[in-house]
$ cat final19.pdb   # PDB, C-alpha atoms
ATOM      1  CA  MET A   1      -1.841  -2.408   9.560  1.00  0.00           C
ATOM      2  CA  ALA A   2       1.279  -2.078   7.479  1.00  0.00           C
ATOM      3  CA  ASP A   3       4.545  -3.142   9.032  1.00  0.00           C
ATOM      4  CA  ALA A   4       6.507   0.109   8.913  1.00  0.00           C
ATOM      5  CA  MET A   5       9.844  -1.718   8.791  1.00  0.00           C
ATOM      6  CA  LEU A   6       8.683  -3.815   5.848  1.00  0.00           C
ATOM      7  CA  TYR A   7       7.659  -0.894   3.682  1.00  0.00           C
ATOM      8  CA  GLN A   8      10.588   1.281   4.698  1.00  0.00           C
ATOM      9  CA  GLU A   9      13.031  -1.454   3.712  1.00  0.00           C
ATOM     10  CA  ASN A  10      11.435  -2.457   0.425  1.00  0.00           C
ATOM     11  CA  GLY A  11       8.725   0.113  -0.177  1.00  0.00           C
ATOM     12  CA  TYR A  12       6.102  -1.915  -2.059  1.00  0.00           C
ATOM     13  CA  PHE A  13       2.403  -2.532  -1.530  1.00  0.00           C
ATOM     14  CA  VAL A  14      -0.176  -4.731  -3.186  1.00  0.00           C
ATOM     15  CA  VAL A  15      -3.206  -2.494  -3.762  1.00  0.00           C
ATOM     16  CA  LEU A  16      -6.730  -3.831  -4.185  1.00  0.00           C
ATOM     17  CA  GLU A  17      -9.497  -1.563  -5.409  1.00  0.00           C
ATOM     18  CA  THR A  18     -13.087  -2.026  -6.501  1.00  0.00           C
ATOM     19  CA  ASN A  19     -13.370  -3.258 -10.107  1.00  0.00           C
ATOM     20  CA  GLN A  20      -9.609  -2.931 -10.693  1.00  0.00           C
ATOM     21  CA  PRO A  21      -6.898  -5.562 -11.073  1.00  0.00           C
ATOM     22  CA  GLU A  22      -4.476  -5.812  -8.174  1.00  0.00           C
ATOM     23  CA  VAL A  23      -1.382  -3.696  -8.625  1.00  0.00           C
ATOM     24  CA  ILE A  24       1.968  -3.363  -6.921  1.00  0.00           C
ATOM     25  CA  LEU A  25       2.862   0.226  -6.042  1.00  0.00           C
ATOM     26  CA  SER A  26       5.931   1.758  -4.477  1.00  0.00           C
ATOM     27  CA  VAL A  27       5.390   3.647  -1.252  1.00  0.00           C
ATOM     28  CA  GLU A  28       5.649   6.909  -3.218  1.00  0.00           C
ATOM     29  CA  GLU A  29       2.988   5.757  -5.691  1.00  0.00           C
ATOM     30  CA  LEU A  30       0.743   4.665  -2.812  1.00  0.00           C
ATOM     31  CA  ARG A  31       1.171   8.078  -1.177  1.00  0.00           C
ATOM     32  CA  ASP A  32       0.115   9.754  -4.439  1.00  0.00           C
ATOM     33  CA  LYS A  33      -2.912   7.483  -4.774  1.00  0.00           C
ATOM     34  CA  LEU A  34      -3.997   7.960  -1.153  1.00  0.00           C
ATOM     35  CA  THR A  35      -3.493  11.722  -1.419  1.00  0.00           C
ATOM     36  CA  GLY A  36      -5.986  11.871  -4.288  1.00  0.00           C
ATOM     37  CA  VAL A  37      -8.466   9.656  -2.447  1.00  0.00           C
ATOM     38  CA  VAL A  38      -8.169  11.588   0.836  1.00  0.00           C
ATOM     39  CA  GLU A  39      -8.660  14.900  -0.954  1.00  0.00           C
ATOM     40  CA  SER A  40     -11.669  13.592  -2.873  1.00  0.00           C
ATOM     41  CA  LEU A  41     -13.374  12.182   0.246  1.00  0.00           C
ATOM     42  CA  GLY A  42     -13.145  15.456   2.174  1.00  0.00           C
ATOM     43  CA  ASP A  43     -15.587  15.409   5.097  1.00  0.00           C
ATOM     44  CA  ARG A  44     -16.483  11.769   4.376  1.00  0.00           C
ATOM     45  CA  LEU A  45     -13.142  10.696   5.842  1.00  0.00           C
ATOM     46  CA  PRO A  46     -13.232   8.786   9.142  1.00  0.00           C
ATOM     47  CA  GLN A  47     -13.203  11.079  12.179  1.00  0.00           C
ATOM     48  CA  ASP A  48      -9.719  10.007  13.290  1.00  0.00           C
ATOM     49  CA  LEU A  49      -8.312  11.192   9.948  1.00  0.00           C
ATOM     50  CA  GLN A  50     -10.333  14.417   9.947  1.00  0.00           C
ATOM     51  CA  ARG A  51      -8.682  15.346  13.251  1.00  0.00           C
ATOM     52  CA  LEU A  52      -5.271  15.450  11.564  1.00  0.00           C
ATOM     53  CA  ASP A  53      -4.264  18.846  10.203  1.00  0.00           C
ATOM     54  CA  THR A  54      -2.911  18.108   6.738  1.00  0.00           C
ATOM     55  CA  THR A  55      -3.486  15.728   3.861  1.00  0.00           C
ATOM     56  CA  THR A  56       0.128  14.603   4.234  1.00  0.00           C
ATOM     57  CA  ASP A  57      -0.486  13.673   7.896  1.00  0.00           C
ATOM     58  CA  ARG A  58      -3.692  11.838   6.962  1.00  0.00           C
ATOM     59  CA  VAL A  59      -1.988   9.840   4.223  1.00  0.00           C
ATOM     60  CA  GLN A  60       0.958   8.947   6.453  1.00  0.00           C
ATOM     61  CA  SER A  61      -1.433   7.818   9.186  1.00  0.00           C
ATOM     62  CA  LEU A  62      -3.212   5.550   6.694  1.00  0.00           C
ATOM     63  CA  ILE A  63       0.057   4.010   5.536  1.00  0.00           C
ATOM     64  CA  ASP A  64       1.376   3.538   9.086  1.00  0.00           C
ATOM     65  CA  GLN A  65      -1.787   2.425  10.859  1.00  0.00           C
ATOM     66  CA  ALA A  66      -4.319   1.036   8.397  1.00  0.00           C
ATOM     67  CA  CYS A  67      -4.624  -1.249   5.423  1.00  0.00           C
ATOM     68  CA  GLU A  68      -7.958  -0.128   4.042  1.00  0.00           C
ATOM     69  CA  LEU A  69     -10.150   2.900   3.538  1.00  0.00           C
ATOM     70  CA  ASP A  70     -13.923   2.825   3.297  1.00  0.00           C
ATOM     71  CA  LEU A  71     -14.929   4.450   0.036  1.00  0.00           C
ATOM     72  CA  GLY A  72     -18.658   3.985   0.498  1.00  0.00           C
ATOM     73  CA  PRO A  73     -21.174   1.306  -0.439  1.00  0.00           C
ATOM     74  CA  ASP A  74     -19.763  -1.438  -2.647  1.00  0.00           C
ATOM     75  CA  ALA A  75     -16.366   0.283  -2.916  1.00  0.00           C
ATOM     76  CA  PHE A  76     -13.078  -0.497  -1.242  1.00  0.00           C
ATOM     77  CA  LEU A  77      -9.403   0.378  -1.258  1.00  0.00           C
ATOM     78  CA  GLN A  78      -6.932  -1.913   0.511  1.00  0.00           C
ATOM     79  CA  TRP A  79      -3.134  -2.008   0.603  1.00  0.00           C
ATOM     80  CA  TYR A  80      -0.716  -4.514   2.053  1.00  0.00           C
ATOM     81  CA  ALA A  81       3.037  -4.153   2.460  1.00  0.00           C
ATOM     82  CA  VAL A  82       4.920  -6.845   0.550  1.00  0.00           C
ATOM     83  CA  ARG A  83       8.530  -7.854   0.352  1.00  0.00           C
ATOM     84  CA  LEU A  84       9.805  -8.322  -3.168  1.00  0.00           C
ATOM     85  CA  GLU A  85      12.919 -10.414  -3.431  1.00  0.00           C
ATOM     86  CA  LYS A  86      14.957 -11.441  -6.393  1.00  0.00           C
ATOM     87  CA  PRO A  87      14.727 -15.181  -6.915  1.00  0.00           C
ATOM     88  CA  SER A  88      17.858 -17.126  -6.149  1.00  0.00           C
ATOM     89  CA  PHE A  89      19.293 -19.440  -8.755  1.00  0.00           C
ATOM     90  CA  THR A  90      21.156 -22.679  -8.385  1.00  0.00           C
ATOM     91  CA  LYS A  91      23.359 -23.917 -11.202  1.00  0.00           C
ATOM     92  CA  ARG A  92      22.791 -27.476 -12.290  1.00  0.00           C
ATOM     93  CA  LYS A  93      25.310 -29.813 -13.772  1.00  0.00           C
ATOM     94  CA  GLY A  94      25.533 -28.900 -17.418  1.00  0.00           C
ATOM     95  CA  GLY A  95      25.068 -25.146 -16.847  1.00  0.00           C
ATOM     96  CA  SER A  96      21.274 -24.755 -16.606  1.00  0.00           C
ATOM     97  CA  ALA A  97      19.830 -22.776 -13.683  1.00  0.00           C
ATOM     98  CA  VAL A  98      16.919 -23.591 -11.382  1.00  0.00           C
ATOM     99  CA  ILE A  99      14.884 -20.914  -9.611  1.00  0.00           C
ATOM    100  CA  GLN A 100      14.526 -21.598  -5.908  1.00  0.00           C
TER     101      GLN A 100
END
$ encode --input "final19.pdb" --output "structure tokens"
Amino acid sequence: MADAMLYQENGYFVVLETNQPEVILSVEELRDKLTGVVESLGDRLPQDLQRLDTTTDRVQSLIDQACELDLGPDAFLQWYAVRLEKPSFTKRKGGSAVIQ
């Protein structure tokens, strides 16, 4: 399950998908991706998602309460909220910087 505070503050997810390299998506990009997947799955969606009225509600439920969606045999889609931080630098004697 995604930590809602984590993605609201920073808004990034690592996304893992069958036969694809891992990618980092913003929350908006993840919403777009999940919207396409939810629409393409139609009645193959899990029952708890089918009970929701709109695609938008289904996608938001996935982001808030799940971290994966079953796409069928030998296929998967997973997403994990991540915090991206700028590295901090420390100046050394002589002017060079070290990443901490």
$ residues_near_point --input "final19.pdb" --point "(-9.8, 0.1, 2.5)" --cutoff "10 Å" --atoms "only C-alpha atoms" --output "NGL selection string"
:A and (15-18 or 62 or 66-72 or 75-79)
$ residues_near_point --input "final19.pdb" --point "(-4.2, 14.9, -1.6)" --cutoff "9 Å" --atoms "only C-alpha atoms" --output "PDB file with C-alpha atoms, keeping the file's coordinate frame"
ATOM      1  CA  ARG A  31       1.171   8.078  -1.177  1.00  0.00           C
ATOM      2  CA  ASP A  32       0.115   9.754  -4.439  1.00  0.00           C
ATOM      3  CA  LYS A  33      -2.912   7.483  -4.774  1.00  0.00           C
ATOM      4  CA  LEU A  34      -3.997   7.960  -1.153  1.00  0.00           C
ATOM      5  CA  THR A  35      -3.493  11.722  -1.419  1.00  0.00           C
ATOM      6  CA  GLY A  36      -5.986  11.871  -4.288  1.00  0.00           C
ATOM      7  CA  VAL A  37      -8.466   9.656  -2.447  1.00  0.00           C
ATOM      8  CA  VAL A  38      -8.169  11.588   0.836  1.00  0.00           C
ATOM      9  CA  GLU A  39      -8.660  14.900  -0.954  1.00  0.00           C
ATOM     10  CA  SER A  40     -11.669  13.592  -2.873  1.00  0.00           C
ATOM     11  CA  THR A  55      -3.486  15.728   3.861  1.00  0.00           C
ATOM     12  CA  THR A  56       0.128  14.603   4.234  1.00  0.00           C
ATOM     13  CA  VAL A  59      -1.988   9.840   4.223  1.00  0.00           C
TER      14      VAL A  59
END
$ resolve_selection --input "final19.pdb" --expression "the PyMOL selection byres ((chain A and resi 26-28) around 6)" --output "PyMOL selection string"
chain A and resi 11-12+25+29-31
$ atom_distance --input "final19.pdb" --atom1 "atom CA of Val14 of chain A" --atom2 "atom CA of Gln60 of chain A"
16.8 Å
$ atom_distance --input "final19.pdb" --atom1 "atom CA of Ala81 of chain A" --atom2 "atom CA of Leu41 of chain A"
23.3 Å
$ atom_distance --input "final19.pdb" --atom1 "atom CA of Asn19 of chain A" --atom2 "atom CA of Asp74 of chain A"
10.0 Å
$ build_atoms --input "final19.pdb" --residues "segment 74-85 of chain A" --atoms "all heavy atoms" --output "PDB file, in the frame of the given file"
ATOM      1  N   ASP A  74     -20.280  -0.630  -1.539  1.00  0.00           N
ATOM      2  CA  ASP A  74     -19.763  -1.438  -2.647  1.00  0.00           C
ATOM      3  C   ASP A  74     -18.449  -0.922  -3.229  1.00  0.00           C
ATOM      4  O   ASP A  74     -18.158  -1.144  -4.407  1.00  0.00           O
ATOM      5  CB  ASP A  74     -20.806  -1.545  -3.768  1.00  0.00           C
ATOM      6  CG  ASP A  74     -22.099  -2.171  -3.280  1.00  0.00           C
ATOM      7  OD1 ASP A  74     -22.025  -3.119  -2.476  1.00  0.00           O
ATOM      8  OD2 ASP A  74     -23.168  -1.703  -3.692  1.00  0.00           O
ATOM      9  N   ALA A  75     -17.661  -0.214  -2.448  1.00  0.00           N
ATOM     10  CA  ALA A  75     -16.366   0.283  -2.916  1.00  0.00           C
ATOM     11  C   ALA A  75     -15.327   0.066  -1.814  1.00  0.00           C
ATOM     12  O   ALA A  75     -15.633   0.207  -0.638  1.00  0.00           O
ATOM     13  CB  ALA A  75     -16.450   1.754  -3.279  1.00  0.00           C
ATOM     14  N   PHE A  76     -14.127  -0.283  -2.226  1.00  0.00           N
ATOM     15  CA  PHE A  76     -13.078  -0.497  -1.242  1.00  0.00           C
ATOM     16  C   PHE A  76     -11.718  -0.129  -1.820  1.00  0.00           C
ATOM     17  O   PHE A  76     -11.520  -0.102  -3.030  1.00  0.00           O
ATOM     18  CB  PHE A  76     -13.055  -1.954  -0.755  1.00  0.00           C
ATOM     19  CG  PHE A  76     -12.720  -2.945  -1.835  1.00  0.00           C
ATOM     20  CD1 PHE A  76     -11.405  -3.293  -2.095  1.00  0.00           C
ATOM     21  CD2 PHE A  76     -13.720  -3.530  -2.595  1.00  0.00           C
ATOM     22  CE1 PHE A  76     -11.087  -4.195  -3.098  1.00  0.00           C
ATOM     23  CE2 PHE A  76     -13.414  -4.446  -3.597  1.00  0.00           C
ATOM     24  CZ  PHE A  76     -12.094  -4.781  -3.846  1.00  0.00           C
ATOM     25  N   LEU A  77     -10.810   0.162  -0.923  1.00  0.00           N
ATOM     26  CA  LEU A  77      -9.403   0.378  -1.258  1.00  0.00           C
ATOM     27  C   LEU A  77      -8.601  -0.256  -0.129  1.00  0.00           C
ATOM     28  O   LEU A  77      -8.784   0.098   1.040  1.00  0.00           O
ATOM     29  CB  LEU A  77      -9.087   1.867  -1.381  1.00  0.00           C
ATOM     30  CG  LEU A  77      -7.636   2.228  -1.675  1.00  0.00           C
ATOM     31  CD1 LEU A  77      -7.178   1.635  -3.012  1.00  0.00           C
ATOM     32  CD2 LEU A  77      -7.439   3.736  -1.676  1.00  0.00           C
ATOM     33  N   GLN A  78      -7.756  -1.220  -0.473  1.00  0.00           N
ATOM     34  CA  GLN A  78      -6.932  -1.913   0.511  1.00  0.00           C
ATOM     35  C   GLN A  78      -5.499  -1.946   0.018  1.00  0.00           C
ATOM     36  O   GLN A  78      -5.252  -1.990  -1.190  1.00  0.00           O
ATOM     37  CB  GLN A  78      -7.418  -3.356   0.706  1.00  0.00           C
ATOM     38  CG  GLN A  78      -8.839  -3.448   1.180  1.00  0.00           C
ATOM     39  CD  GLN A  78      -9.350  -4.881   1.187  1.00  0.00           C
ATOM     40  OE1 GLN A  78      -8.840  -5.756   0.489  1.00  0.00           O
ATOM     41  NE2 GLN A  78     -10.362  -5.123   1.994  1.00  0.00           N
ATOM     42  N   TRP A  79      -4.549  -1.933   0.954  1.00  0.00           N
ATOM     43  CA  TRP A  79      -3.134  -2.008   0.603  1.00  0.00           C
ATOM     44  C   TRP A  79      -2.411  -2.829   1.656  1.00  0.00           C
ATOM     45  O   TRP A  79      -2.736  -2.785   2.836  1.00  0.00           O
ATOM     46  CB  TRP A  79      -2.517  -0.611   0.471  1.00  0.00           C
ATOM     47  CG  TRP A  79      -2.697   0.233   1.699  1.00  0.00           C
ATOM     48  CD1 TRP A  79      -1.821   0.370   2.744  1.00  0.00           C
ATOM     49  CD2 TRP A  79      -3.831   1.032   2.028  1.00  0.00           C
ATOM     50  NE1 TRP A  79      -2.339   1.210   3.687  1.00  0.00           N
ATOM     51  CE2 TRP A  79      -3.582   1.636   3.283  1.00  0.00           C
ATOM     52  CE3 TRP A  79      -5.042   1.297   1.395  1.00  0.00           C
ATOM     53  CZ2 TRP A  79      -4.492   2.477   3.903  1.00  0.00           C
ATOM     54  CZ3 TRP A  79      -5.946   2.146   2.023  1.00  0.00           C
ATOM     55  CH2 TRP A  79      -5.660   2.726   3.257  1.00  0.00           C
ATOM     56  N   TYR A  80      -1.464  -3.609   1.187  1.00  0.00           N
ATOM     57  CA  TYR A  80      -0.716  -4.514   2.053  1.00  0.00           C
ATOM     58  C   TYR A  80       0.755  -4.432   1.688  1.00  0.00           C
ATOM     59  O   TYR A  80       1.115  -4.582   0.516  1.00  0.00           O
ATOM     60  CB  TYR A  80      -1.206  -5.959   1.876  1.00  0.00           C
ATOM     61  CG  TYR A  80      -2.678  -6.094   2.165  1.00  0.00           C
ATOM     62  CD1 TYR A  80      -3.612  -6.047   1.135  1.00  0.00           C
ATOM     63  CD2 TYR A  80      -3.132  -6.219   3.471  1.00  0.00           C
ATOM     64  CE1 TYR A  80      -4.969  -6.142   1.394  1.00  0.00           C
ATOM     65  CE2 TYR A  80      -4.492  -6.310   3.735  1.00  0.00           C
ATOM     66  CZ  TYR A  80      -5.401  -6.277   2.697  1.00  0.00           C
ATOM     67  OH  TYR A  80      -6.754  -6.361   2.959  1.00  0.00           O
ATOM     68  N   ALA A  81       1.591  -4.198   2.691  1.00  0.00           N
ATOM     69  CA  ALA A  81       3.037  -4.153   2.460  1.00  0.00           C
ATOM     70  C   ALA A  81       3.512  -5.537   2.036  1.00  0.00           C
ATOM     71  O   ALA A  81       3.084  -6.554   2.590  1.00  0.00           O
ATOM     72  CB  ALA A  81       3.759  -3.716   3.729  1.00  0.00           C
ATOM     73  N   VAL A  82       4.360  -5.580   1.024  1.00  0.00           N
ATOM     74  CA  VAL A  82       4.920  -6.845   0.550  1.00  0.00           C
ATOM     75  C   VAL A  82       6.424  -6.706   0.410  1.00  0.00           C
ATOM     76  O   VAL A  82       6.945  -5.617   0.195  1.00  0.00           O
ATOM     77  CB  VAL A  82       4.309  -7.288  -0.807  1.00  0.00           C
ATOM     78  CG1 VAL A  82       2.842  -7.622  -0.656  1.00  0.00           C
ATOM     79  CG2 VAL A  82       4.515  -6.251  -1.889  1.00  0.00           C
ATOM     80  N   ARG A  83       7.081  -7.831   0.542  1.00  0.00           N
ATOM     81  CA  ARG A  83       8.530  -7.854   0.352  1.00  0.00           C
ATOM     82  C   ARG A  83       8.797  -8.503  -0.998  1.00  0.00           C
ATOM     83  O   ARG A  83       8.374  -9.627  -1.248  1.00  0.00           O
ATOM     84  CB  ARG A  83       9.199  -8.657   1.463  1.00  0.00           C
ATOM     85  CG  ARG A  83      10.698  -8.769   1.284  1.00  0.00           C
ATOM     86  CD  ARG A  83      11.358  -9.425   2.466  1.00  0.00           C
ATOM     87  NE  ARG A  83      11.347  -8.459   3.549  1.00  0.00           N
ATOM     88  CZ  ARG A  83      11.145  -8.787   4.823  1.00  0.00           C
ATOM     89  NH1 ARG A  83      10.918 -10.021   5.160  1.00  0.00           N
ATOM     90  NH2 ARG A  83      11.165  -7.864   5.747  1.00  0.00           N
ATOM     91  N   LEU A  84       9.440  -7.785  -1.859  1.00  0.00           N
ATOM     92  CA  LEU A  84       9.805  -8.322  -3.168  1.00  0.00           C
ATOM     93  C   LEU A  84      11.272  -8.700  -3.117  1.00  0.00           C
ATOM     94  O   LEU A  84      12.123  -7.884  -2.771  1.00  0.00           O
ATOM     95  CB  LEU A  84       9.572  -7.285  -4.266  1.00  0.00           C
ATOM     96  CG  LEU A  84       8.143  -6.770  -4.406  1.00  0.00           C
ATOM     97  CD1 LEU A  84       8.081  -5.734  -5.519  1.00  0.00           C
ATOM     98  CD2 LEU A  84       7.184  -7.906  -4.694  1.00  0.00           C
ATOM     99  N   GLU A  85      11.540  -9.940  -3.441  1.00  0.00           N
ATOM    100  CA  GLU A  85      12.919 -10.414  -3.431  1.00  0.00           C
ATOM    101  C   GLU A  85      13.259 -10.980  -4.789  1.00  0.00           C
ATOM    102  O   GLU A  85      12.412 -11.585  -5.446  1.00  0.00           O
ATOM    103  CB  GLU A  85      13.103 -11.503  -2.379  1.00  0.00           C
ATOM    104  CG  GLU A  85      12.853 -11.026  -0.966  1.00  0.00           C
ATOM    105  CD  GLU A  85      13.013 -12.148   0.046  1.00  0.00           C
ATOM    106  OE1 GLU A  85      13.518 -13.218  -0.328  1.00  0.00           O
ATOM    107  OE2 GLU A  85      12.633 -11.945   1.198  1.00  0.00           O
TER     108      GLU A  85
END
